[in-house]
Amino acid sequence: MSVGEKDYSPSDTAVIKEVYDGENAHEMFGEELERALEASCQTIIIEPSRLGDETARWIAVGNCLHKTAVISGLGSIVTALVWTERPVLYMPLAVTSLFCTGLYTVSWQFDPCCQYQVSTDSHSLTVQPHAAASLSARSPVVLVRRDDTRRKLLHSAVTLAASLLAVWRCYITCVK
């Protein structure tokens, strides 16, 4: 560990300060964020706007994949139960759910960043006055750690149910 690097514990609030100490400042910001993520800090405050925006976008894309998988899976289940003879209606939804769940599993599931959500609540900074007092950025990105086990189970279960029901309904329709 070089000078200026911090060790974090899970109960810490990590603040990624926007201090440019050289040419590689952006890489140093990224490394500090990685350390905070791997330490599972409860709250991470990111001052550098570029890093904060990239992180917020990465989390938003993961959230979008999760929601798309759940909504299209539920849509496929409902459609397969209502229009049993029309696989053209429920198969695309099941495939979409399967694709989004697969992409999420490959790209996001093992990333420590997926266990965080961007806090849009201004109250999250006032809860930690010691961290808020030392901030130099006007609008930092605040990440709050959330347990995502139920979320992963939900989209996996919905996708599995939708896929199995769609294949079963399609098989029954084609055999007739």
# chains A, B, ... in the order shown; residues from 1 in each chain; ligands from 1
>>> select_by_dssp(residues="chain A", states="alpha helix (DSSP H)", output="ChimeraX atom specification")
/A:25-38,49-82,87-107,123-126,129-133,149-175
>>> residues_around(residues="segment 159-170 of chain A", least_positions_apart="6", cutoff="6 Å", atoms="only C-alpha atoms", output="number ranges by chain")
A: 73, 76-77, 87, 91, 94, 97-98
>>> write_last_selection(atoms="N, CA and C atoms", output="short mmCIF file (atom, residue, chain, number, x, y, z; two decimals), in the first residue's frame")
data_model
loop_
_atom_site.label_atom_id
_atom_site.label_comp_id
_atom_site.auth_asym_id
_atom_site.auth_seq_id
_atom_site.Cartn_x
_atom_site.Cartn_y
_atom_site.Cartn_z
N GLY A 73 -40.41 -11.54 -17.52
CA GLY A 73 -40.71 -12.89 -17.03
C GLY A 73 -42.13 -13.00 -16.51
N SER A 76 -44.47 -12.89 -19.40
CA SER A 76 -44.49 -14.17 -20.10
C SER A 76 -45.36 -15.18 -19.37
N ILE A 77 -45.25 -15.21 -18.03
CA ILE A 77 -46.06 -16.15 -17.24
C ILE A 77 -47.54 -15.84 -17.40
N PRO A 87 -48.00 -19.13 -28.59
CA PRO A 87 -46.62 -19.01 -28.12
C PRO A 87 -45.89 -17.77 -28.68
N MET A 91 -43.39 -16.41 -25.78
CA MET A 91 -42.01 -16.84 -26.00
C MET A 91 -41.02 -15.68 -26.07
N ALA A 94 -40.30 -14.51 -22.56
CA ALA A 94 -39.48 -15.47 -21.82
C ALA A 94 -38.02 -15.40 -22.27
N SER A 97 -36.47 -12.24 -20.83
CA SER A 97 -36.17 -12.44 -19.41
C SER A 97 -34.93 -13.31 -19.24
N LEU A 98 -34.83 -14.38 -20.02
CA LEU A 98 -33.68 -15.26 -19.95
C LEU A 98 -32.40 -14.54 -20.37
#
>>> closest_residue(among="A:Asp12, A:Asp121, A:Glu31, A:Glu85", to="Val142 of chain A", atoms="only C-alpha atoms")
A:Asp121
>>> closest_residue(among="A:Ile46, A:Leu33, A:Val95, A:Leu74", to="Ser119 of chain A", atoms="only C-alpha atoms")
A:Ile46
>>> atom_distance(atom1="atom CA of Ile45 of chain A", atom2="atom CA of Ile59 of chain A")
14.6 Å
>>> select_by_dssp(residues="segment 20-142 of chain A", states="strand (DSSP E)", output="mmCIF file with N, CA, C and O atoms, in the first residue's frame")
data_model
loop_
_atom_site.group_PDB
_atom_site.id
_atom_site.type_symbol
_atom_site.label_atom_id
_atom_site.label_comp_id
_atom_site.auth_asym_id
_atom_site.auth_seq_id
_atom_site.Cartn_x
_atom_site.Cartn_y
_atom_site.Cartn_z
ATOM 1 N N THR A 43 -21.319 2.830 3.386
ATOM 2 C CA THR A 43 -21.601 3.989 2.544
ATOM 3 C C THR A 43 -20.315 4.405 1.846
ATOM 4 O O THR A 43 -19.257 4.427 2.465
ATOM 5 N N ILE A 44 -20.431 4.730 0.572
ATOM 6 C CA ILE A 44 -19.285 5.224 -0.203
ATOM 7 C C ILE A 44 -19.704 6.537 -0.830
ATOM 8 O O ILE A 44 -20.717 6.609 -1.529
ATOM 9 N N ILE A 45 -18.917 7.570 -0.583
ATOM 10 C CA ILE A 45 -19.182 8.890 -1.152
ATOM 11 C C ILE A 45 -18.089 9.146 -2.184
ATOM 12 O O ILE A 45 -16.900 9.137 -1.859
ATOM 13 N N ILE A 46 -18.506 9.394 -3.426
ATOM 14 C CA ILE A 46 -17.559 9.590 -4.523
ATOM 15 C C ILE A 46 -17.601 11.048 -4.950
ATOM 16 O O ILE A 46 -18.603 11.513 -5.490
ATOM 17 N N TYR A 116 -24.547 -2.259 -4.226
ATOM 18 C CA TYR A 116 -24.769 -0.866 -3.827
ATOM 19 C C TYR A 116 -25.844 -0.243 -4.695
ATOM 20 O O TYR A 116 -26.034 -0.623 -5.843
ATOM 21 N N GLN A 117 -26.536 0.722 -4.115
ATOM 22 C CA GLN A 117 -27.503 1.525 -4.841
ATOM 23 C C GLN A 117 -27.127 2.994 -4.673
ATOM 24 O O GLN A 117 -26.596 3.385 -3.633
ATOM 25 N N VAL A 118 -27.383 3.778 -5.701
ATOM 26 C CA VAL A 118 -27.117 5.208 -5.624
ATOM 27 C C VAL A 118 -28.206 5.831 -4.765
ATOM 28 O O VAL A 118 -29.394 5.645 -5.022
ATOM 29 N N VAL A 141 -21.615 11.534 -5.548
ATOM 30 C CA VAL A 141 -22.451 10.354 -5.712
ATOM 31 C C VAL A 141 -22.321 9.543 -4.430
ATOM 32 O O VAL A 141 -21.218 9.248 -3.986
ATOM 33 N N VAL A 142 -23.459 9.213 -3.834
ATOM 34 C CA VAL A 142 -23.469 8.462 -2.577
ATOM 35 C C VAL A 142 -23.993 7.062 -2.863
ATOM 36 O O VAL A 142 -25.107 6.894 -3.368
#
>>> residues_around(residues="His155 of chain A", least_positions_apart="6", cutoff="8 Å", atoms="only C-alpha atoms", output="list in words")
His66, Ala69, Val70 and Thr101 of chain A
